[in-house]
>>> print(open('model-v9.pdb').read())   # PDB, C-alpha atoms, pLDDT in the B column
MODEL        1
ATOM      1  CA  MET A   1      -4.433  10.878  10.382  1.00 57.00           C
ATOM      2  CA  TYR A   2      -4.420  11.439   6.626  1.00 55.00           C
ATOM      3  CA  LEU A   3      -1.211  13.446   6.870  1.00 57.00           C
ATOM      4  CA  ARG A   4       0.591  10.557   8.606  1.00 58.00           C
ATOM      5  CA  ALA A   5      -0.742   8.081   6.076  1.00 54.00           C
ATOM      6  CA  LEU A   6       0.289  10.345   3.218  1.00 53.00           C
ATOM      7  CA  ILE A   7       3.805  10.764   4.607  1.00 55.00           C
ATOM      8  CA  LEU A   8       4.132   7.003   5.086  1.00 51.00           C
ATOM      9  CA  PHE A   9       2.818   6.436   1.567  1.00 55.00           C
ATOM     10  CA  MET A  10       5.356   8.868   0.102  1.00 54.00           C
ATOM     11  CA  VAL A  11       8.234   7.321   2.058  1.00 45.00           C
ATOM     12  CA  LEU A  12       7.260   3.846   0.892  1.00 50.00           C
ATOM     13  CA  LEU A  13       6.856   5.090  -2.653  1.00 51.00           C
ATOM     14  CA  ILE A  14      10.347   6.564  -2.655  1.00 48.00           C
ATOM     15  CA  PHE A  15      12.218   3.855  -0.763  1.00 44.00           C
ATOM     16  CA  LEU A  16      10.362   0.641  -1.517  1.00 50.00           C
ATOM     17  CA  PRO A  17      13.051  -1.822  -2.673  1.00 45.00           C
ATOM     18  CA  GLY A  18      12.655  -3.772  -5.861  1.00 46.00           C
ATOM     19  CA  ARG A  19      10.347  -1.274  -7.560  1.00 48.00           C
ATOM     20  CA  PRO A  20      11.639   0.891 -10.374  1.00 47.00           C
ATOM     21  CA  MET A  21      11.234   4.558  -9.628  1.00 47.00           C
ATOM     22  CA  LYS A  22       9.574   5.277 -12.958  1.00 49.00           C
ATOM     23  CA  ARG A  23       8.145   2.900 -15.520  1.00 49.00           C
ATOM     24  CA  GLU A  24       7.281   3.677 -19.078  1.00 54.00           C
ATOM     25  CA  MET A  25       3.581   4.092 -19.636  1.00 50.00           C
ATOM     26  CA  THR A  26       2.397   0.553 -20.309  1.00 56.00           C
ATOM     27  CA  ASN A  27      -1.314   1.276 -20.350  1.00 60.00           C
ATOM     28  CA  GLU A  28      -2.623   3.976 -22.658  1.00 83.00           C
ATOM     29  CA  LYS A  29      -6.133   3.819 -21.246  1.00 91.00           C
ATOM     30  CA  LEU A  30      -6.894   6.988 -19.311  1.00 96.00           C
ATOM     31  CA  ILE A  31      -7.577   6.890 -15.584  1.00 97.00           C
ATOM     32  CA  LEU A  32      -9.264   9.959 -14.109  1.00 98.00           C
ATOM     33  CA  LEU A  33      -8.699  10.587 -10.390  1.00 97.00           C
ATOM     34  CA  ILE A  34     -11.208  12.822  -8.585  1.00 97.00           C
ATOM     35  CA  ASP A  35     -10.670  14.056  -5.031  1.00 96.00           C
ATOM     36  CA  ASP A  36     -10.983  17.316  -3.141  1.00 94.00           C
ATOM     37  CA  GLU A  37      -7.627  16.798  -1.383  1.00 94.00           C
ATOM     38  CA  PRO A  38      -4.709  17.861  -3.616  1.00 95.00           C
ATOM     39  CA  SER A  39      -2.177  15.863  -1.572  1.00 94.00           C
ATOM     40  CA  ILE A  40      -4.138  12.633  -2.093  1.00 93.00           C
ATOM     41  CA  LEU A  41      -4.488  13.378  -5.812  1.00 94.00           C
ATOM     42  CA  ASP A  42      -0.772  14.079  -6.206  1.00 95.00           C
ATOM     43  CA  ALA A  43       0.387  11.044  -4.242  1.00 95.00           C
ATOM     44  CA  THR A  44      -2.013   8.655  -5.983  1.00 96.00           C
ATOM     45  CA  LYS A  45      -1.231  10.077  -9.422  1.00 97.00           C
ATOM     46  CA  THR A  46       2.521   9.768  -8.806  1.00 96.00           C
ATOM     47  CA  GLY A  47       2.149   6.182  -7.626  1.00 96.00           C
ATOM     48  CA  LEU A  48       0.048   5.199 -10.641  1.00 96.00           C
ATOM     49  CA  LEU A  49       2.296   7.006 -13.125  1.00 96.00           C
ATOM     50  CA  ASP A  50       5.267   5.139 -11.647  1.00 95.00           C
ATOM     51  CA  ARG A  51       3.360   1.906 -12.291  1.00 94.00           C
ATOM     52  CA  GLY A  52       2.885   2.740 -15.971  1.00 94.00           C
ATOM     53  CA  PHE A  53      -0.651   4.140 -15.987  1.00 95.00           C
ATOM     54  CA  ASN A  54      -1.925   7.133 -17.963  1.00 96.00           C
ATOM     55  CA  VAL A  55      -3.462   9.386 -15.297  1.00 97.00           C
ATOM     56  CA  LYS A  56      -5.227  12.750 -15.178  1.00 97.00           C
ATOM     57  CA  THR A  57      -6.604  14.415 -12.069  1.00 97.00           C
ATOM     58  CA  VAL A  58      -9.421  16.790 -11.268  1.00 96.00           C
ATOM     59  CA  GLU A  59      -9.895  18.513  -7.942  1.00 94.00           C
ATOM     60  CA  GLY A  60     -13.480  18.298  -6.749  1.00 89.00           C
ATOM     61  CA  PRO A  61     -16.723  17.078  -8.273  1.00 89.00           C
ATOM     62  CA  GLU A  62     -17.908  20.323  -9.888  1.00 88.00           C
ATOM     63  CA  ALA A  63     -15.216  20.308 -12.569  1.00 91.00           C
ATOM     64  CA  ALA A  64     -15.248  16.517 -12.835  1.00 94.00           C
ATOM     65  CA  ILE A  65     -18.362  16.126 -14.960  1.00 92.00           C
ATOM     66  CA  GLN A  66     -16.971  18.507 -17.606  1.00 93.00           C
ATOM     67  CA  VAL A  67     -13.602  16.741 -17.604  1.00 96.00           C
ATOM     68  CA  ILE A  68     -15.300  13.352 -17.924  1.00 96.00           C
ATOM     69  CA  ARG A  69     -17.331  14.648 -20.890  1.00 94.00           C
ATOM     70  CA  SER A  70     -14.266  16.031 -22.642  1.00 95.00           C
ATOM     71  CA  LEU A  71     -11.711  13.294 -21.901  1.00 95.00           C
ATOM     72  CA  LYS A  72     -14.002  10.240 -21.801  1.00 95.00           C
ATOM     73  CA  PRO A  73     -11.659   8.310 -19.495  1.00 97.00           C
ATOM     74  CA  SER A  74     -11.490   4.531 -19.517  1.00 96.00           C
ATOM     75  CA  ILE A  75     -12.120   4.456 -15.765  1.00 97.00           C
ATOM     76  CA  VAL A  76     -12.796   6.934 -12.950  1.00 97.00           C
ATOM     77  CA  VAL A  77     -11.396   6.675  -9.428  1.00 97.00           C
ATOM     78  CA  SER A  78     -13.444   9.005  -7.235  1.00 97.00           C
ATOM     79  CA  ASP A  79     -13.519  10.039  -3.621  1.00 95.00           C
ATOM     80  CA  LEU A  80     -16.924   9.843  -1.948  1.00 94.00           C
ATOM     81  CA  VAL A  81     -16.902  12.670   0.575  1.00 93.00           C
ATOM     82  CA  MET A  82     -16.394  15.950  -1.255  1.00 94.00           C
ATOM     83  CA  PRO A  83     -17.981  19.360  -0.825  1.00 91.00           C
ATOM     84  CA  GLY A  84     -21.099  19.875  -2.893  1.00 91.00           C
ATOM     85  CA  THR A  85     -21.658  16.736  -4.925  1.00 92.00           C
ATOM     86  CA  ASN A  86     -20.499  13.473  -3.351  1.00 94.00           C
ATOM     87  CA  GLY A  87     -18.942  10.609  -5.303  1.00 95.00           C
ATOM     88  CA  PHE A  88     -22.174   8.612  -5.471  1.00 95.00           C
ATOM     89  CA  GLU A  89     -24.057  11.608  -6.883  1.00 96.00           C
ATOM     90  CA  LEU A  90     -21.295  12.241  -9.416  1.00 96.00           C
ATOM     91  CA  PHE A  91     -21.453   8.589 -10.474  1.00 96.00           C
ATOM     92  CA  GLN A  92     -25.218   8.827 -10.960  1.00 96.00           C
ATOM     93  CA  GLN A  93     -24.855  12.045 -13.004  1.00 95.00           C
ATOM     94  CA  VAL A  94     -22.348  10.328 -15.285  1.00 95.00           C
ATOM     95  CA  ARG A  95     -24.614   7.265 -15.611  1.00 95.00           C
ATOM     96  CA  GLN A  96     -27.420   9.506 -16.898  1.00 94.00           C
ATOM     97  CA  GLN A  97     -25.268  10.546 -19.878  1.00 93.00           C
ATOM     98  CA  LYS A  98     -25.747   7.895 -22.546  1.00 93.00           C
ATOM     99  CA  ASP A  99     -22.268   8.311 -24.054  1.00 93.00           C
ATOM    100  CA  LEU A 100     -20.584   8.118 -20.613  1.00 94.00           C
ATOM    101  CA  SER A 101     -22.745   5.517 -18.878  1.00 93.00           C
ATOM    102  CA  SER A 102     -20.359   2.609 -19.467  1.00 94.00           C
ATOM    103  CA  ILE A 103     -17.358   4.238 -17.746  1.00 96.00           C
ATOM    104  CA  PRO A 104     -16.494   2.148 -14.667  1.00 96.00           C
ATOM    105  CA  PHE A 105     -16.118   3.942 -11.311  1.00 96.00           C
ATOM    106  CA  ILE A 106     -13.919   2.866  -8.438  1.00 96.00           C
ATOM    107  CA  PHE A 107     -14.815   4.604  -5.199  1.00 96.00           C
ATOM    108  CA  LEU A 108     -11.676   5.421  -3.186  1.00 93.00           C
ATOM    109  CA  THR A 109     -12.641   6.872   0.151  1.00 90.00           C
ATOM    110  CA  GLY A 110     -11.969   7.288   3.833  1.00 91.00           C
ATOM    111  CA  VAL A 111     -15.509   6.017   4.538  1.00 89.00           C
ATOM    112  CA  ASP A 112     -15.144   2.386   5.615  1.00 92.00           C
ATOM    113  CA  ASP A 113     -18.821   1.616   6.131  1.00 93.00           C
ATOM    114  CA  TYR A 114     -20.740  -1.551   5.274  1.00 94.00           C
ATOM    115  CA  TYR A 115     -23.813   0.354   4.029  1.00 95.00           C
ATOM    116  CA  ALA A 116     -21.760   2.723   1.870  1.00 94.00           C
ATOM    117  CA  ARG A 117     -19.969  -0.268   0.292  1.00 94.00           C
ATOM    118  CA  LYS A 118     -23.310  -2.002  -0.270  1.00 95.00           C
ATOM    119  CA  PHE A 119     -24.845   1.111  -1.818  1.00 96.00           C
ATOM    120  CA  GLY A 120     -21.806   1.571  -4.080  1.00 94.00           C
ATOM    121  CA  LYS A 121     -22.266  -1.957  -5.413  1.00 94.00           C
ATOM    122  CA  GLU A 122     -26.042  -1.579  -5.755  1.00 96.00           C
ATOM    123  CA  ILE A 123     -25.777   1.523  -7.927  1.00 96.00           C
ATOM    124  CA  GLY A 124     -23.206  -0.140 -10.180  1.00 95.00           C
ATOM    125  CA  GLY A 125     -19.797   0.919  -8.892  1.00 95.00           C
ATOM    126  CA  ALA A 126     -16.948  -1.242 -10.164  1.00 95.00           C
ATOM    127  CA  ALA A 127     -15.187  -1.359  -6.778  1.00 95.00           C
ATOM    128  CA  TYR A 128     -14.939   0.331  -3.395  1.00 95.00           C
ATOM    129  CA  ILE A 129     -11.621   0.714  -1.579  1.00 95.00           C
ATOM    130  CA  THR A 130     -10.635   2.750   1.432  1.00 93.00           C
ATOM    131  CA  LYS A 131      -7.908   5.255   2.188  1.00 92.00           C
ATOM    132  CA  PRO A 132      -5.079   5.312   2.862  1.00 91.00           C
ATOM    133  CA  VAL A 133      -4.440   4.216  -0.701  1.00 90.00           C
ATOM    134  CA  ASP A 134      -2.978   0.741  -1.109  1.00 93.00           C
ATOM    135  CA  LEU A 135      -1.331   1.144  -4.509  1.00 95.00           C
ATOM    136  CA  ASP A 136      -0.959  -2.610  -5.001  1.00 95.00           C
ATOM    137  CA  GLU A 137      -4.697  -3.083  -4.468  1.00 95.00           C
ATOM    138  CA  LEU A 138      -5.556  -0.106  -6.683  1.00 96.00           C
ATOM    139  CA  GLU A 139      -3.196  -1.292  -9.421  1.00 96.00           C
ATOM    140  CA  HIS A 140      -4.755  -4.775  -9.322  1.00 95.00           C
ATOM    141  CA  LEU A 141      -8.300  -3.355  -9.473  1.00 95.00           C
ATOM    142  CA  LEU A 142      -7.442  -0.997 -12.319  1.00 96.00           C
ATOM    143  CA  ASN A 143      -5.851  -3.772 -14.376  1.00 94.00           C
ATOM    144  CA  GLU A 144      -8.814  -6.059 -13.695  1.00 93.00           C
ATOM    145  CA  LYS A 145     -11.494  -3.452 -14.458  1.00 93.00           C
ATOM    146  CA  LEU A 146      -9.704  -2.087 -17.528  1.00 91.00           C
ATOM    147  CA  LYS A 147      -9.390  -5.625 -18.887  1.00 87.00           C
ATOM    148  CA  ASP A 148     -13.077  -6.282 -18.155  1.00 76.00           C
ATOM    149  CA  SER A 149     -14.180  -3.074 -19.861  1.00 67.00           C
ATOM    150  CA  SER A 150     -12.223  -3.874 -23.034  1.00 61.00           C
ATOM    151  CA  THR A 151     -13.804  -7.281 -23.594  1.00 47.00           C
ATOM    152  CA  PRO A 152     -16.939  -7.232 -25.743  1.00 45.00           C
TER     153      PRO A 152
ENDMDL
END
>>> encode(input="model-v9.pdb", output="structure tokens")
Amino acid sequence: MYLRALILFMVLLIFLPGRPMKREMTNEKLILLIDDEPSILDATKTGLLDRGFNVKTVEGPEAAIQVIRSLKPSIVVSDLVMPGTNGFELFQQVRQQKDLSSIPFIFLTGVDDYYARKFGKEIGGAAYITKPVDLDELEHLLNEKLKDSSTP
């Protein structure tokens, strides 16, 4: 199922009329994508780069906490279901670090479950969206959350 969605996503990304193939980076704020599926990371990163975002990726949650500490991204987009530490646990680990606790998290996941969405909101997640990735929705959320996080 994910393979079909990924192929469709890539076809739409390449052939979607009216969209420039590559935009200049219009937003210098760093977005960190975290997922254990390299194909999802690559496709999402490509789509966001083409929309002018500054994007870095990290494969899996174990390396993510170190990358978050070193890069201090403006926002994190994280999968939920990953081996070892899940996205909610990663979020809570980041929240325990005083200098990282204000970084917004968007949960991007294949888990379309009412209770998971509710829990994500209750623990302080900025948003919760499901795969396959809707780049228009993700772009809108990123712009909204990045704007919100820059206002005092």
>>> resolve_selection(input="model-v9.pdb", expression="the PyMOL selection byres ((chain A and resi 93-98) around 12)", output="mmCIF file with C-alpha atoms, in the frame of the given file")
data_model
loop_
_atom_site.group_PDB
_atom_site.id
_atom_site.type_symbol
_atom_site.label_atom_id
_atom_site.label_comp_id
_atom_site.auth_asym_id
_atom_site.auth_seq_id
_atom_site.Cartn_x
_atom_site.Cartn_y
_atom_site.Cartn_z
ATOM 1 C CA PRO A 61 -16.723 17.078 -8.273
ATOM 2 C CA GLU A 62 -17.908 20.323 -9.888
ATOM 3 C CA ALA A 64 -15.248 16.517 -12.835
ATOM 4 C CA ILE A 65 -18.362 16.126 -14.960
ATOM 5 C CA GLN A 66 -16.971 18.507 -17.606
ATOM 6 C CA VAL A 67 -13.602 16.741 -17.604
ATOM 7 C CA ILE A 68 -15.300 13.352 -17.924
ATOM 8 C CA ARG A 69 -17.331 14.648 -20.890
ATOM 9 C CA LYS A 72 -14.002 10.240 -21.801
ATOM 10 C CA PRO A 73 -11.659 8.310 -19.495
ATOM 11 C CA ILE A 75 -12.120 4.456 -15.765
ATOM 12 C CA VAL A 76 -12.796 6.934 -12.950
ATOM 13 C CA THR A 85 -21.658 16.736 -4.925
ATOM 14 C CA ASN A 86 -20.499 13.473 -3.351
ATOM 15 C CA GLY A 87 -18.942 10.609 -5.303
ATOM 16 C CA PHE A 88 -22.174 8.612 -5.471
ATOM 17 C CA GLU A 89 -24.057 11.608 -6.883
ATOM 18 C CA LEU A 90 -21.295 12.241 -9.416
ATOM 19 C CA PHE A 91 -21.453 8.589 -10.474
ATOM 20 C CA GLN A 92 -25.218 8.827 -10.960
ATOM 21 C CA ASP A 99 -22.268 8.311 -24.054
ATOM 22 C CA LEU A 100 -20.584 8.118 -20.613
ATOM 23 C CA SER A 101 -22.745 5.517 -18.878
ATOM 24 C CA SER A 102 -20.359 2.609 -19.467
ATOM 25 C CA ILE A 103 -17.358 4.238 -17.746
ATOM 26 C CA PRO A 104 -16.494 2.148 -14.667
ATOM 27 C CA PHE A 105 -16.118 3.942 -11.311
ATOM 28 C CA ILE A 123 -25.777 1.523 -7.927
ATOM 29 C CA GLY A 124 -23.206 -0.140 -10.180
ATOM 30 C CA GLY A 125 -19.797 0.919 -8.892
#
>>> resolve_selection(input="model-v9.pdb", expression="the PyMOL selection byres ((chain A and resi 35) around 6)", output="list in words")
Ile34, Asp36, Glu37, Glu59, Gly60 and Asp79 of chain A
>>> closest_residue(input="model-v9.pdb", among="A:Tyr114, A:Leu32, A:Lys131, A:Ala126", to="A:Val81", atoms="only C-alpha atoms")
A:Lys131
>>> atom_distance(input="model-v9.pdb", atom1="atom CA of A:Ile106", atom2="atom CA of A:Leu146")
11.2 Å
>>> closest_residue(input="model-v9.pdb", among="A:Phe107, A:Tyr128, A:Phe119, A:Phe53", to="A:Ser74", atoms="only C-alpha atoms")
A:Phe53
>>> closest_residue(input="model-v9.pdb", among="A:Lys118, A:Val58, A:Asp112, A:Leu48", to="A:Glu137", atoms="all atoms listed in the file")
A:Leu48
